[in-house]
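Have a look at the structure below, then the notes.
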Amino acid sequence: MRTRIPHSTRTSPRGAARTVVAVVAAGALLAGCAGAGGGDASDRSISVLMVNNPPMKTLQKLTAEHFTERTGIEVDFTVLPENQVRDKISQDFASQSGQYDVATISNYETPIYAERDWLYQLDPFVEKDPAYDQQDVLKPMRDSLRAEDGKTYAEPFYGESSFLMYRKDVFAEHDLTMPESPTWKQVARLAAKVDGAEKKMKGICLRGLPGWGQLIAPLTTVVNTYGGTWFDENWHARLDSPEFTEATKFYVDLVREHGEAGAAQAGFAECLNSMTQGRTAMWYDATAGAGELERDGSPVKGAIGYAPAPVNRTENSGWLYTWAFGMQKASDNSEDAWEFISWATGKEYEELVGEQAGWASVPAGKRKSTYDHPKYVRAAPFGEDVVRAIDSADPRDPGVQARPYSGIQFAGIPEFTSLGTEVSQEISAAIAGRQSVEQALAKSQKLAEKVAEEYRNR
């Protein structure tokens with residue numbers, strides 16, 4: 001989907017060809033040289049590549065009237081589904097083609113892209129823009145978007161952890177109680193009790209759609225709290241370990257027995273729709289989903305309860321994630337690109353969304369000031385739960401044993417995009433009933449061993 005936001009003062013398209021140097025790195029990722037750029041006053045346009053989730057779609061709708069009209073900067077959006085946009089961003093930033101000035105990247109890609117010199121360092125822009133108030137950004141989010149050099153390479157559009165959302169009205173009607181800090185075994189028992197309690201309502205929705213950012217995200221948090229890990233501290237693959245197997249069997253069995261129809265093709269969007277339409281009693285997923293459930297016009301607004309991410313052997317298990325905006329190093333429009341990034345991730349934009357789309361729809365999870373805003377506090381009953389989940393997330397120690405990588409719902413290495421996706425396809429096939437969990441993990445272990453061997457030999 002490509003949407004052009006018109007502006008009457010638009011002049012010639014950007015001109016100069018960019019020099020690109022790219023070499024293969026880590027299979028799927030390439031390293032490219034930096035492009036120059038400070039913004040051309042005669043070309044007030046930027047290209048933005050972003051994921052097509054609801055907060056981004058709201059941004060797309062508001063940009064022409066509230067950003068372009070004020071700044072004269074035309075924004076050309078390319079909006080794609082999550083799996084597709086990740087591939088396209090990786091390809092464009094790796095080649096440093098400069099086709100896109102700005103893209104949505106996460107705290108997974110940011111340090112990897114920064115290391116390969118694909119991104120502008122944003123600290124100089126922030127320093128010249130004190131109104132941006134970088135210290136207002138939640139510390140876990142700030143830290144997650146820095147590279148090993150301690151510099152900032154992206155700014156969060158919204159941040160999230162994960163928690164359990166449930167129909168408190170349905171629970172009350174059927175005399176069910178959600179524990180304050182539920183375990184996964186308790187959740188499984190509740191799912192069994194509420195499954196079918198209401199017409200066409202299933203017990204729980206869990207992602208089964210292949211993709212390292214889809215199925216693998218919630219599954220890996222279950223693996224962590226069950227004592228598993230993708231790689232141990234000596235870079236040995238552990239996907240066929242007893243802990244990883246137990247966690248995966250639990251997840252697959254739960255979604256097969258009490259989960260949504262067509263679970264093997266259900267991701268965030270499908271579970272959100274299922275919960276909104278009353279077809280699911282519980283949903284374990286991103287805290288960002290709460291804003292959609294509580295937005296004005298939602299059929300379940302006010303009927304949702306929130307509980308921490310379920311655990312087994314760990315005290316916490318919620319993930320840490322942000323969709324952020326990064327600027328491609330090859331961009332010739334860095335000043336205009338920063339103006340867009342600072343507007344889209346700033347306090348002014350949150351106020352705008354609150355007034356235009358409802359305060360529950362504000363892209364939160366990134367700024368302290370959001371959770372002090374009286375209008376947001378009234379509209380977002382989940383606010384304190386989100387902040388607690390984000391603050392308790394520890395990407396460097398999310399499990400019960402040491403590991404050689406950072407990340408909660410992902411392993412922070414370049415190879416994880418392809419490895420996670422391939423493993424997700426095997427596990428999704430187990431959810432669909434085409435193979436056993438043991439068969440899926442035996443295949444997955446071989447894939448992970450190839451990656452582990454490379455790291456052991458370095």
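Within each chain, counting starts at residue 1; across the structure tokens, chains are named A, B, ... in the order shown, with ligands numbered 1 upward in that order.
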>> At a cut-off of 9 Å, using only C-alpha atoms, what residues contact Glu294 of chain A? Leave out same-chain residues fewer than 3 positions from it and give the result as JSON, numbers by chain.
In response: {"A": [289, 290, 291, 297, 298, 299, 300, 301, 302, 303, 304, 360, 361, 379, 380, 381]}
> What are the DSSP strand (DSSP E or B) residues of segment 197-440 of chain A, as a VMD selection string?
Replying inline: chain A and resid 202 205 231 237 280 282 to 286 304 to 308 311 321 to 328 367
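Between atom CA of Leu49 of chain A and atom CA of Pro363 of chain A the interatomic distance comes to 17.8 Å.
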> Any idea what's packed within 10 Å of Tyr166 of chain A, counting only C-alpha atoms, ignoring anything in its chain fewer than 4 positions away? Could you give it as a list in words?
Replying inline: Val170, Phe171, Met178, Gly203, Ile204, Met275, Thr280, Ala281, Met282, Trp283, Tyr284, Ala303, Ile304, Gly305, Tyr306 and Ala307 of chain A
Test item: residues at most 12 Å from segment 412-416 of chain A, only C-alpha atoms, excluding those fewer than 3 positions along its chain, as an mmCIF file with C-alpha atoms, in the first residue's frame:
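Okay, around-v1.cif is ready:
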```cif
data_model
loop_
_atom_site.group_PDB
_atom_site.id
_atom_site.type_symbol
_atom_site.label_atom_id
_atom_site.label_comp_id
_atom_site.auth_asym_id
_atom_site.auth_seq_id
_atom_site.Cartn_x
_atom_site.Cartn_y
_atom_site.Cartn_z
ATOM 1 C CA VAL A 24 27.075 -9.717 2.439
ATOM 2 C CA ALA A 25 26.964 -9.936 6.220
ATOM 3 C CA ALA A 26 25.385 -12.671 8.323
ATOM 4 C CA GLY A 27 23.504 -14.198 5.431
ATOM 5 C CA ALA A 28 20.407 -12.035 5.385
ATOM 6 C CA LEU A 29 21.974 -8.698 6.344
ATOM 7 C CA LEU A 30 24.357 -6.555 4.334
ATOM 8 C CA ALA A 31 26.700 -3.782 5.364
ATOM 9 C CA SER A 90 16.347 -4.847 5.698
ATOM 10 C CA SER A 106 12.591 -2.056 16.497
ATOM 11 C CA ASN A 107 14.990 -2.481 19.379
ATOM 12 C CA TYR A 108 16.053 -5.709 17.655
ATOM 13 C CA GLU A 109 17.245 -4.082 14.431
ATOM 14 C CA THR A 110 18.547 -0.801 15.846
ATOM 15 C CA PRO A 111 21.855 -1.953 17.419
ATOM 16 C CA ILE A 112 22.526 -4.300 14.496
ATOM 17 C CA TYR A 113 21.879 -1.613 11.885
ATOM 18 C CA ALA A 114 23.904 0.934 13.874
ATOM 19 C CA GLU A 115 26.883 -1.405 14.024
ATOM 20 C CA ARG A 116 26.787 -1.665 10.231
ATOM 21 C CA SER A 144 17.009 -0.408 23.997
ATOM 22 C CA ALA A 147 24.127 0.697 20.222
ATOM 23 C CA GLY A 211 7.322 -15.097 11.731
ATOM 24 C CA TRP A 212 10.058 -14.267 14.218
ATOM 25 C CA GLY A 213 8.043 -11.207 15.223
ATOM 26 C CA ILE A 216 8.142 -16.576 18.153
ATOM 27 C CA ALA A 217 7.642 -13.450 20.294
ATOM 28 C CA TRP A 230 17.806 -20.492 22.341
ATOM 29 C CA PHE A 231 21.542 -20.710 23.070
ATOM 30 C CA TRP A 235 26.832 -20.935 22.170
ATOM 31 C CA PRO A 395 16.582 -8.004 28.090
ATOM 32 C CA ARG A 396 19.963 -9.050 29.483
ATOM 33 C CA ARG A 403 23.048 -16.501 27.739
ATOM 34 C CA PRO A 404 25.397 -14.846 25.236
ATOM 35 C CA TYR A 405 22.868 -12.486 23.677
ATOM 36 C CA SER A 406 20.468 -9.752 24.719
ATOM 37 C CA GLY A 407 16.737 -9.935 24.113
ATOM 38 C CA ILE A 408 13.611 -11.320 25.739
ATOM 39 C CA GLN A 409 11.313 -12.362 22.904
ATOM 40 C CA LEU A 419 16.437 -18.558 12.107
ATOM 41 C CA GLY A 420 13.398 -17.362 14.045
ATOM 42 C CA THR A 421 11.241 -17.367 10.957
ATOM 43 C CA GLU A 422 12.293 -20.886 9.933
ATOM 44 C CA VAL A 423 11.702 -22.213 13.446
ATOM 45 C CA SER A 424 8.329 -20.484 13.585
ATOM 46 C CA LEU A 447 18.912 -24.948 12.088
ATOM 47 C CA ALA A 448 20.076 -23.387 15.352
ATOM 48 C CA GLU A 449 23.178 -25.575 15.543
ATOM 49 C CA LYS A 450 24.453 -24.051 12.291
ATOM 50 C CA VAL A 451 24.199 -20.569 13.773
ATOM 51 C CA ALA A 452 25.702 -21.651 17.094
ATOM 52 C CA GLU A 454 29.545 -20.004 13.629
ATOM 53 C CA TYR A 455 29.605 -18.134 16.941
#
```
>> I need the residue nearest Glu351 of chain A from this list: A:Ala237, A:Lys375, A:Asp336, A:Met141. Use only C-alpha atoms for the distance.
In response: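 Smallest separation from Glu351 of chain A among the options: A:Lys375.
Between atom CA of Thr248 of chain A and atom CA of Thr322 of chain A lies a distance of 25.0 Å.
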> Which is closer to Ser317 of chain A than all the others in A:Thr177, A:Asp232, A:Ser162, A:Asp253, using only C-alpha atoms?
Replying inline: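 The shortest atom-to-atom distance to Ser317 of chain A comes from A:Ser162.
The nearest approach to Trp359 of chain A among the residues A:Tyr376, A:Phe77, A:Tyr120, A:Trp338, with only C-alpha atoms taken into account, belongs to A:Tyr376.
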> If you count only C-alpha atoms, which residues fall within 9 Å of Gly159 of chain A, apart from same-chain ones fewer than 5 positions away, as a list in words?
Replying inline: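 Final neighbour list, sorted by chain and number: Met141, Thr287, Ala288, Leu320, Tyr321, Thr322, Trp323, Ala324, Pro363, Ala364, Gly365, Lys366, Arg367 and Ile390 of chain A.
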Could you please take those selected residues and save N, CA and C atoms as an mmCIF file, in the first residue's frame?
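Once everything was written out, this is selection_27.cif:
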```
data_model
loop_
_atom_site.group_PDB
_atom_site.id
_atom_site.type_symbol
_atom_site.label_atom_id
_atom_site.label_comp_id
_atom_site.auth_asym_id
_atom_site.auth_seq_id
_atom_site.Cartn_x
_atom_site.Cartn_y
_atom_site.Cartn_z
ATOM 1 N N MET A 141 13.234 2.119 27.222
ATOM 2 C CA MET A 141 13.122 2.371 25.795
ATOM 3 C C MET A 141 14.354 3.101 25.266
ATOM 4 N N THR A 287 1.268 -5.259 25.173
ATOM 5 C CA THR A 287 0.481 -4.292 25.928
ATOM 6 C C THR A 287 -0.142 -3.245 25.009
ATOM 7 N N ALA A 288 0.428 -3.058 23.824
ATOM 8 C CA ALA A 288 -0.136 -2.093 22.876
ATOM 9 C C ALA A 288 -1.546 -2.471 22.450
ATOM 10 N N LEU A 320 10.087 -6.798 25.988
ATOM 11 C CA LEU A 320 10.347 -5.367 25.816
ATOM 12 C C LEU A 320 10.501 -5.103 24.328
ATOM 13 N N TYR A 321 9.675 -4.192 23.823
ATOM 14 C CA TYR A 321 9.689 -3.958 22.382
ATOM 15 C C TYR A 321 9.263 -2.529 22.084
ATOM 16 N N THR A 322 9.798 -1.985 21.048
ATOM 17 C CA THR A 322 9.342 -0.691 20.560
ATOM 18 C C THR A 322 9.388 -0.657 19.044
ATOM 19 N N TRP A 323 8.331 -0.147 18.459
ATOM 20 C CA TRP A 323 8.399 0.271 17.065
ATOM 21 C C TRP A 323 8.897 1.707 17.098
ATOM 22 N N ALA A 324 10.041 1.920 16.504
ATOM 23 C CA ALA A 324 10.702 3.212 16.545
ATOM 24 C C ALA A 324 10.982 3.689 15.129
ATOM 25 N N PRO A 363 -0.268 6.532 21.177
ATOM 26 C CA PRO A 363 0.833 5.563 21.068
ATOM 27 C C PRO A 363 1.767 5.679 22.260
ATOM 28 N N ALA A 364 1.427 5.004 23.314
ATOM 29 C CA ALA A 364 2.081 5.192 24.613
ATOM 30 C C ALA A 364 3.235 4.211 24.792
ATOM 31 N N GLY A 365 3.622 4.013 26.050
ATOM 32 C CA GLY A 365 4.695 3.080 26.349
ATOM 33 C C GLY A 365 6.076 3.641 26.109
ATOM 34 N N LYS A 366 6.170 4.971 25.934
ATOM 35 C CA LYS A 366 7.487 5.531 25.652
ATOM 36 C C LYS A 366 7.832 6.763 26.481
ATOM 37 N N ARG A 367 6.833 7.534 26.970
ATOM 38 C CA ARG A 367 7.123 8.778 27.681
ATOM 39 C C ARG A 367 6.495 8.775 29.080
ATOM 40 N N ILE A 390 6.884 -2.781 31.535
ATOM 41 C CA ILE A 390 8.078 -2.262 30.863
ATOM 42 C C ILE A 390 9.238 -2.162 31.841
#
```
> Restricting the calculation to only C-alpha atoms, which member of A:Ala263, A:Ile46, A:Leu209, A:Ala393 is positioned closest to Ser161 of chain A?
Replying inline: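 For Ser161 of chain A, the nearest of the given residues is A:Ala393.
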> Between A:Lys199, A:Lys128, A:Arg313, A:Arg295, which one has atoms that come closest to Gly358 of chain A, using only C-alpha atoms?
Replying inline: A:Arg295
>> If DSSP is run on the backbone, what residues of segment 61-208 of chain A are alpha helix (DSSP H)? A reply as a PyMOL selection string would be ideal.
In response: chain A and resi 61-63+69-71+82-95+109-115+123-127+139-144+168-173+184-194
>> If I take atom CA of Lys443 of chain A and atom CA of Tyr226 of chain A, how far is one from the other in Å, to one decimal?
In response: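 One can read the atom CA of Lys443 of chain A to atom CA of Tyr226 of chain A distance as 20.8 Å.
In this comparison, which uses only C-alpha atoms, the residue of A:Thr152, A:Asn457, A:Ser369, A:Gln60 approaching Gly383 of chain A most closely is A:Ser369.
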>> So that I can see what lies close to Glu270 of chain A, please list as a PyMOL selection string the residues with an atom at most 12 Å from it, counting only C-alpha atoms and leaving out residues fewer than 4 positions away in the same chain.
In response: chain A and resi 53+205-209+214+260-266+274-277+279-280+283+285+289
